[in-house]
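Since the structure comes first, as structure tokens, the remarks are kept for the end.
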Amino acid sequence: MEDGTNLPNWLLQEYRTFHDTVTDASFPCYFGMKAENKGELRYAYIEHRDWSALPMAVEEFLELFQEPPFTRHGLFVFVEPEEKEGTIDQYRKQFWDILQFLHEEDTQDWPTDKPKDPEHYLWDFHFKKEPIFVFGNAPAYKQRKTRDLGHSMVLGFQPRKIFEGLEGTEKGGIMSREKVRERVEKWDDLPKHPDISHFGDPDHNEWKQFFIGDDIKPIKGKCPFHYDK
């Protein structure tokens with residue numbers, strides 16, 4: 001985060017909460033903890049109803065991945081907090097509305113060899129032709145405390161490139177994933193959400209991992225995102 005000049009007060013407060021949470025020694029995601037401590041994470045913010053800065057922020061972030069080896073940078077986008085805290089469903093709707101907006105602002109076509117239907121098990125969100133795992137965090141999470149990073153909804157953007165060597169079927173990926181999930185279950189005092197799996201699992205819908213429930217119930221219904229070009 002910059003020195004704070006010209007940044008809104010709410011953002012500075014939310015970043016402090018974020019930093020204190022993810023650098024706590026017991027925080028389950030040691031990848032995020034390590035990246036924050038090393039200064040490898042990147043940040044942006046959007047206001048209540050003005051999301052116009054988001055496409056450029058994501059585009060500039062993706063420029064960090066022009067050539068390998070890829071540092072495991074992540075982008076965290078803070079959404080201006082509501083005056084009154086919303087429900088999980090309200091934050092989930094806003095999350096998907098923001099991704100739909102980002103998609104509609106994308107000036108490049110979706111890769112022709114990638115599924116456009118979120119119900120396909122190999123679907124992934126793309127921006128500037130890059131596959132990105134996006135996950136939502138919100139203050140309405142009461143049981144899954146790892147998803148509560150302050151009063152803001154926070155969207156995490158992780159390009160698939162940073163998972164090289166940690167894919168779902170790779171030994172390193174399996175071991176790392178299981179260690180993190182054990183720590184998450186301990187922090188949340190709740191079993192792994194049933195929609196959590198790994199990309200490429202034919203019995204899995206990736207979009208359901210983007211904004212999981214605050215419970216142990218599978219997400220029902222269709223994905224709110226739709227390809228529209």
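Starting from 1 in every chain, residues are counted up; chains themselves are A, B, ... following the order of the structure tokens, and ligands are numbered from 1 as listed.
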
Which residues are near Arg42 of chain A? Cut-off 12 Å, only C-alpha atoms, ignore same chain within fewer than 5 positions. Put them as an mmCIF file with N, CA and C atoms, in the first residue's frame.
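See part_13.cif below for the written result:
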data_model
loop_
_atom_site.group_PDB
_atom_site.id
_atom_site.type_symbol
_atom_site.label_atom_id
_atom_site.label_comp_id
_atom_site.auth_asym_id
_atom_site.auth_seq_id
_atom_site.Cartn_x
_atom_site.Cartn_y
_atom_site.Cartn_z
ATOM 1 N N MET A 1 0.853 -1.191 0.000
ATOM 2 C CA MET A 1 0.000 0.000 0.000
ATOM 3 C C MET A 1 0.886 1.236 0.000
ATOM 4 N N GLU A 2 0.462 2.280 -0.733
ATOM 5 C CA GLU A 2 1.252 3.505 -0.797
ATOM 6 C C GLU A 2 1.260 4.202 0.552
ATOM 7 N N TYR A 15 -7.164 -1.656 4.858
ATOM 8 C CA TYR A 15 -5.878 -2.303 4.580
ATOM 9 C C TYR A 15 -5.178 -2.704 5.868
ATOM 10 N N GLY A 32 -0.252 -16.522 1.320
ATOM 11 C CA GLY A 32 -0.648 -15.128 1.428
ATOM 12 C C GLY A 32 0.143 -14.404 2.490
ATOM 13 N N ALA A 35 3.628 -13.729 1.128
ATOM 14 C CA ALA A 35 3.602 -12.709 0.083
ATOM 15 C C ALA A 35 3.396 -11.317 0.664
ATOM 16 N N GLU A 36 2.503 -11.191 1.667
ATOM 17 C CA GLU A 36 2.275 -9.894 2.283
ATOM 18 C C GLU A 36 3.522 -9.418 3.026
ATOM 19 N N ALA A 57 -6.746 -1.436 -13.419
ATOM 20 C CA ALA A 57 -5.997 -1.998 -12.290
ATOM 21 C C ALA A 57 -5.636 -3.461 -12.550
ATOM 22 N N VAL A 58 -6.602 -4.228 -13.059
ATOM 23 C CA VAL A 58 -6.328 -5.638 -13.336
ATOM 24 C C VAL A 58 -5.362 -5.775 -14.509
ATOM 25 N N GLU A 60 -3.006 -3.656 -15.462
ATOM 26 C CA GLU A 60 -1.657 -3.317 -15.009
ATOM 27 C C GLU A 60 -1.071 -4.415 -14.132
ATOM 28 N N PHE A 61 -1.919 -5.044 -13.330
ATOM 29 C CA PHE A 61 -1.456 -6.154 -12.504
ATOM 30 C C PHE A 61 -0.971 -7.306 -13.374
ATOM 31 N N LEU A 62 -1.692 -7.626 -14.438
ATOM 32 C CA LEU A 62 -1.312 -8.742 -15.304
ATOM 33 C C LEU A 62 -0.004 -8.493 -16.036
ATOM 34 N N LEU A 64 2.632 -7.785 -14.728
ATOM 35 C CA LEU A 64 3.701 -8.349 -13.900
ATOM 36 C C LEU A 64 4.078 -9.758 -14.344
ATOM 37 N N THR A 71 6.720 -14.533 -10.062
ATOM 38 C CA THR A 71 6.534 -14.343 -8.630
ATOM 39 C C THR A 71 5.051 -14.525 -8.317
ATOM 40 N N ARG A 72 4.756 -15.103 -7.177
ATOM 41 C CA ARG A 72 3.358 -15.393 -6.855
ATOM 42 C C ARG A 72 2.646 -14.152 -6.319
ATOM 43 N N HIS A 73 2.569 -13.125 -7.179
ATOM 44 C CA HIS A 73 1.823 -11.921 -6.833
ATOM 45 C C HIS A 73 0.331 -12.215 -6.800
ATOM 46 N N GLY A 74 -0.384 -11.521 -5.937
ATOM 47 C CA GLY A 74 -1.838 -11.550 -5.933
ATOM 48 C C GLY A 74 -2.338 -10.121 -5.896
ATOM 49 N N LEU A 75 -3.499 -9.882 -6.493
ATOM 50 C CA LEU A 75 -4.127 -8.562 -6.466
ATOM 51 C C LEU A 75 -5.355 -8.634 -5.564
ATOM 52 N N PHE A 76 -5.445 -7.705 -4.619
ATOM 53 C CA PHE A 76 -6.606 -7.643 -3.736
ATOM 54 C C PHE A 76 -7.313 -6.303 -3.936
ATOM 55 N N VAL A 77 -8.582 -6.399 -4.313
ATOM 56 C CA VAL A 77 -9.378 -5.213 -4.624
ATOM 57 C C VAL A 77 -10.375 -4.990 -3.490
ATOM 58 N N PHE A 78 -10.261 -3.829 -2.836
ATOM 59 C CA PHE A 78 -11.148 -3.477 -1.735
ATOM 60 C C PHE A 78 -12.358 -2.718 -2.283
ATOM 61 N N LEU A 155 -11.929 -8.659 -3.142
ATOM 62 C CA LEU A 155 -11.786 -9.634 -4.217
ATOM 63 C C LEU A 155 -10.311 -9.943 -4.412
ATOM 64 N N GLY A 156 -9.977 -11.234 -4.343
ATOM 65 C CA GLY A 156 -8.606 -11.651 -4.598
ATOM 66 C C GLY A 156 -8.467 -12.186 -6.012
ATOM 67 N N PHE A 157 -7.468 -11.695 -6.741
ATOM 68 C CA PHE A 157 -7.213 -12.127 -8.125
ATOM 69 C C PHE A 157 -5.877 -12.870 -8.156
ATOM 70 N N GLN A 158 -5.922 -14.125 -8.613
ATOM 71 C CA GLN A 158 -4.717 -14.935 -8.715
ATOM 72 C C GLN A 158 -4.615 -15.534 -10.121
#

*Using backbone DSSP assignments, extract all strand (DSSP E or B) residues from segment 64-229 of chain A; output them as a VMD selection string.*
chain A and resid 75 to 79 125 to 127 130 to 137 153 to 159

_What's around Thr87 of chain A at 12 Å? Count only C-alpha atoms, leave out sequence neighbours fewer than 3 positions away in its own chain, and write the answer as a list in words._
Glu82, Lys84, Gln90, Tyr91, Arg92, Lys93, Gln94, Ala138, Pro139, Ala140, Tyr141, Lys142, Met153, Gly213 and Asp214 of chain A

Output all heavy atoms for every residue in that selection, as a CSV table (one decimal), in the first residue's frame.
chain,number,residue,atom,x,y,z
A,82,GLU,N,-20.2,-0.8,2.8
A,82,GLU,CA,-21.6,-0.3,2.9
A,82,GLU,C,-21.8,0.3,4.3
A,82,GLU,O,-21.2,-0.1,5.3
A,82,GLU,CB,-22.6,-1.5,2.7
A,82,GLU,CG,-22.5,-2.2,1.3
A,82,GLU,CD,-22.8,-1.3,0.1
A,82,GLU,OE1,-23.6,-0.3,0.4
A,82,GLU,OE2,-22.4,-1.6,-1.0
A,84,LYS,N,-24.4,-0.2,6.1
A,84,LYS,CA,-25.0,-1.3,6.8
A,84,LYS,C,-24.5,-2.6,6.2
A,84,LYS,O,-24.6,-2.8,5.0
A,84,LYS,CB,-26.5,-1.3,6.8
A,84,LYS,CG,-27.2,-2.4,7.6
A,84,LYS,CD,-28.7,-2.3,7.5
A,84,LYS,CE,-29.4,-3.4,8.3
A,84,LYS,NZ,-30.8,-3.3,8.2
A,90,GLN,N,-26.1,-10.9,-0.7
A,90,GLN,CA,-26.0,-9.6,-1.2
A,90,GLN,C,-24.5,-9.4,-1.7
A,90,GLN,O,-24.3,-8.9,-2.8
A,90,GLN,CB,-26.4,-8.6,-0.2
A,90,GLN,CG,-27.9,-8.5,0.1
A,90,GLN,CD,-28.2,-7.6,1.2
A,90,GLN,OE1,-27.5,-7.4,2.2
A,90,GLN,NE2,-29.4,-7.0,1.2
A,91,TYR,N,-23.6,-9.8,-0.9
A,91,TYR,CA,-22.2,-9.7,-1.3
A,91,TYR,C,-21.9,-10.6,-2.5
A,91,TYR,O,-21.1,-10.2,-3.4
A,91,TYR,CB,-21.3,-10.0,-0.1
A,91,TYR,CG,-21.2,-8.9,1.0
A,91,TYR,CD1,-21.7,-9.1,2.2
A,91,TYR,CD2,-20.7,-7.6,0.7
A,91,TYR,CE1,-21.7,-8.2,3.2
A,91,TYR,CE2,-20.7,-6.7,1.7
A,91,TYR,CZ,-21.1,-6.9,2.9
A,91,TYR,OH,-21.1,-5.9,3.9
A,92,ARG,N,-22.4,-11.8,-2.5
A,92,ARG,CA,-22.2,-12.7,-3.6
A,92,ARG,C,-22.7,-12.1,-4.9
A,92,ARG,O,-22.0,-12.1,-5.9
A,92,ARG,CB,-22.8,-14.0,-3.3
A,92,ARG,CG,-22.6,-15.0,-4.5
A,92,ARG,CD,-23.3,-16.3,-4.3
A,92,ARG,NE,-22.6,-17.2,-3.3
A,92,ARG,CZ,-23.1,-17.6,-2.2
A,92,ARG,NH1,-24.4,-17.2,-1.9
A,92,ARG,NH2,-22.4,-18.3,-1.4
A,93,LYS,N,-23.9,-11.5,-4.8
A,93,LYS,CA,-24.4,-10.8,-6.0
A,93,LYS,C,-23.5,-9.7,-6.5
A,93,LYS,O,-23.2,-9.6,-7.7
A,93,LYS,CB,-25.8,-10.3,-5.8
A,93,LYS,CG,-26.5,-9.6,-7.0
A,93,LYS,CD,-27.8,-9.1,-6.7
A,93,LYS,CE,-28.5,-8.5,-8.0
A,93,LYS,NZ,-27.6,-7.5,-8.7
A,94,GLN,N,-23.1,-8.9,-5.6
A,94,GLN,CA,-22.2,-7.8,-6.0
A,94,GLN,C,-20.9,-8.3,-6.5
A,94,GLN,O,-20.4,-7.8,-7.5
A,94,GLN,CB,-21.9,-6.9,-4.8
A,94,GLN,CG,-21.1,-5.6,-5.1
A,94,GLN,CD,-20.8,-4.7,-3.9
A,94,GLN,OE1,-20.5,-5.2,-2.9
A,94,GLN,NE2,-20.9,-3.4,-4.1
A,138,ALA,N,-15.8,-11.3,2.6
A,138,ALA,CA,-16.8,-10.3,3.0
A,138,ALA,C,-17.1,-10.3,4.5
A,138,ALA,O,-16.9,-11.4,5.1
A,138,ALA,CB,-18.1,-10.5,2.2
A,139,PRO,N,-17.5,-9.2,5.1
A,139,PRO,CA,-17.7,-9.2,6.5
A,139,PRO,C,-18.9,-10.0,6.9
A,139,PRO,O,-19.0,-10.3,8.1
A,139,PRO,CB,-18.0,-7.7,6.8
A,139,PRO,CG,-18.5,-7.1,5.4
A,139,PRO,CD,-17.7,-7.9,4.4
A,140,ALA,N,-19.7,-10.5,6.0
A,140,ALA,CA,-20.9,-11.3,6.4
A,140,ALA,C,-20.5,-12.7,6.7
A,140,ALA,O,-21.3,-13.5,7.2
A,140,ALA,CB,-21.9,-11.3,5.2
A,141,TYR,N,-19.3,-13.1,6.4
A,141,TYR,CA,-18.8,-14.4,6.8
A,141,TYR,C,-18.6,-14.4,8.3
A,141,TYR,O,-17.8,-13.7,8.9
A,141,TYR,CB,-17.5,-14.8,6.2
A,141,TYR,CG,-17.6,-15.2,4.7
A,141,TYR,CD1,-17.3,-14.4,3.7
A,141,TYR,CD2,-18.1,-16.5,4.4
A,141,TYR,CE1,-17.4,-14.8,2.4
A,141,TYR,CE2,-18.2,-16.9,3.1
A,141,TYR,CZ,-17.8,-16.0,2.1
A,141,TYR,OH,-18.0,-16.5,0.8
A,142,LYS,N,-19.4,-15.3,9.0
A,142,LYS,CA,-19.3,-15.4,10.5
A,142,LYS,C,-18.7,-16.7,10.9
A,142,LYS,O,-18.1,-16.7,12.0
A,142,LYS,CB,-20.7,-15.2,11.1
A,142,LYS,CG,-21.5,-13.9,10.7
A,142,LYS,CD,-20.6,-12.7,11.0
A,142,LYS,CE,-21.4,-11.4,10.6
A,142,LYS,NZ,-20.5,-10.2,10.8
A,153,MET,N,-15.9,-5.8,1.3
A,153,MET,CA,-15.7,-7.0,0.5
A,153,MET,C,-14.4,-6.8,-0.2
A,153,MET,O,-14.0,-5.8,-0.7
A,153,MET,CB,-16.8,-7.1,-0.5
A,153,MET,CG,-16.7,-8.3,-1.4
A,153,MET,SD,-18.2,-8.8,-2.3
A,153,MET,CE,-18.2,-7.5,-3.6
A,213,GLY,N,-20.2,-20.5,0.4
A,213,GLY,CA,-21.1,-20.2,1.4
A,213,GLY,C,-20.5,-20.2,2.8
A,213,GLY,O,-19.4,-20.7,3.0
A,214,ASP,N,-21.2,-19.6,3.7
A,214,ASP,CA,-20.7,-19.5,5.1
A,214,ASP,C,-21.3,-20.7,5.9
A,214,ASP,O,-21.8,-20.6,7.0
A,214,ASP,CB,-21.2,-18.2,5.7
A,214,ASP,CG,-20.5,-17.9,7.1
A,214,ASP,OD1,-19.4,-18.4,7.3
A,214,ASP,OD2,-21.2,-17.2,7.9

*What residues in segment 6-221 of chain A get the DSSP label helix (DSSP H, G or I)? Please answer as JSON, numbers by chain.*
{"A": [9, 10, 11, 12, 13, 14, 15, 16, 17, 18, 19, 20, 21, 22, 30, 31, 32, 33, 34, 35, 36, 37, 54, 55, 56, 57, 58, 59, 60, 61, 62, 63, 64, 65, 88, 89, 90, 91, 92, 93, 94, 95, 96, 97, 98, 99, 100, 101, 102, 103, 104, 145, 146, 147, 160, 161, 162, 163, 171, 172, 173, 174, 175, 176, 177, 178, 179, 180, 181, 182, 183, 184, 185, 186, 187, 188, 207, 208, 209, 210]}

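Excluding segment 17-23 of chain A itself and any same-chain residue fewer than 2 positions from it, the protein and nucleic acid residues within 8 Å of it, counting only C-alpha atoms, are A:Gln13, A:Glu14, A:Tyr15, A:Ala25, A:Phe27, A:Cys29, A:Gly32, A:Met33, A:Lys34, A:Glu36, A:Asn37, A:Leu149, A:Gly150.
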
For the selection you just gave me, I'd like the residues written to a file as a PDB file, in the first residue's frame, keeping C-alpha atoms.
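The file below, part-v1.pdb, is the result:
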ATOM      1  CA  GLN A  13      -8.401   1.402   7.740  1.00  0.00           C
ATOM      2  CA  GLU A  14      -9.427  -1.657   5.739  1.00  0.00           C
ATOM      3  CA  TYR A  15      -5.878  -2.303   4.580  1.00  0.00           C
ATOM      4  CA  ALA A  25       1.111 -16.260  12.707  1.00  0.00           C
ATOM      5  CA  PHE A  27      -3.468 -17.385   9.534  1.00  0.00           C
ATOM      6  CA  CYS A  29      -2.828 -19.348   4.065  1.00  0.00           C
ATOM      7  CA  GLY A  32      -0.648 -15.128   1.428  1.00  0.00           C
ATOM      8  CA  MET A  33       1.157 -14.473   4.708  1.00  0.00           C
ATOM      9  CA  LYS A  34       4.557 -14.862   3.073  1.00  0.00           C
ATOM     10  CA  GLU A  36       2.275  -9.894   2.283  1.00  0.00           C
ATOM     11  CA  ASN A  37       5.382  -9.945   4.466  1.00  0.00           C
ATOM     12  CA  LEU A 149     -10.894  -9.564   6.105  1.00  0.00           C
ATOM     13  CA  GLY A 150     -12.600  -6.442   7.456  1.00  0.00           C
TER      14      GLY A 150
END

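Interatomic distance, atom CA of Asp89 of chain A to atom CA of Asp50 of chain A: 20.7 Å.
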
*Between A:Lys179, A:His226, A:His193, A:His48, which has the minimum distance to Tyr30 of chain A (counting only C-alpha atoms)?*
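Nearest candidate to Tyr30 of chain A out of A:Lys179, A:His226, A:His193, A:His48: A:Lys179.
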
*List the neighbours of Phe133 of chain A out to 12 Å using only C-alpha atoms; skip same-chain residues closer than 6 positions along the sequence, and give me the result as an MDAnalysis selection string.*
chainID A and resid 74:76 99 123:127 155:163 198:199 206:211

*Which one of A:Pro69, A:Pro191, A:Pro202, A:Gly136 sits closest to Lys217 of chain A if you count only C-alpha atoms?*
A:Pro191

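With only C-alpha atoms as the basis for measurement, A:Ser152 is the residue among A:Pro28, A:Ser152, A:Gln66, A:Lys128 that approaches Glu85 of chain A most closely.
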
*To one decimal in Å, tell me the separation between atom CA of Thr146 of chain A and atom CA of Asp188 of chain A.*
6.6 Å

*Might you pull out every residue within 12 Å of Glu47 of chain A, with only C-alpha atoms counted and same-chain residues fewer than 2 positions away left off, and present them as a PyMOL selection string?*
chain A and resi 7-8+10-11+44-45+49-54+77-82+98+152-153

_List as a list in words the protein and nucleic acid residues near segment 100-105 of chain A, meaning an atom at most 7 Å away when only C-alpha atoms are counted, but skip any in the same chain fewer than 5 places from it._
Pro55, Phe127, Phe225 and Asp228 of chain A

Write out, as a compact mmCIF listing (two decimals), in the first residue's frame, the residues just selected, with N, CA and C atoms.
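Generated file (out.txt):
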# COMPACT_ATOMS: atom_id res chain seq x y z
N PRO A 55 -10.88 -2.22 -14.48
CA PRO A 55 -10.23 -2.85 -15.63
C PRO A 55 -8.76 -2.46 -15.79
N PHE A 127 -9.56 -12.58 -18.30
CA PHE A 127 -9.48 -11.14 -18.58
C PHE A 127 -8.17 -10.92 -19.32
N PHE A 225 -22.60 -15.49 -13.69
CA PHE A 225 -21.81 -14.94 -14.79
C PHE A 225 -22.27 -15.53 -16.12
N ASP A 228 -20.80 -12.59 -22.61
CA ASP A 228 -21.62 -11.62 -23.33
C ASP A 228 -20.71 -10.74 -24.18
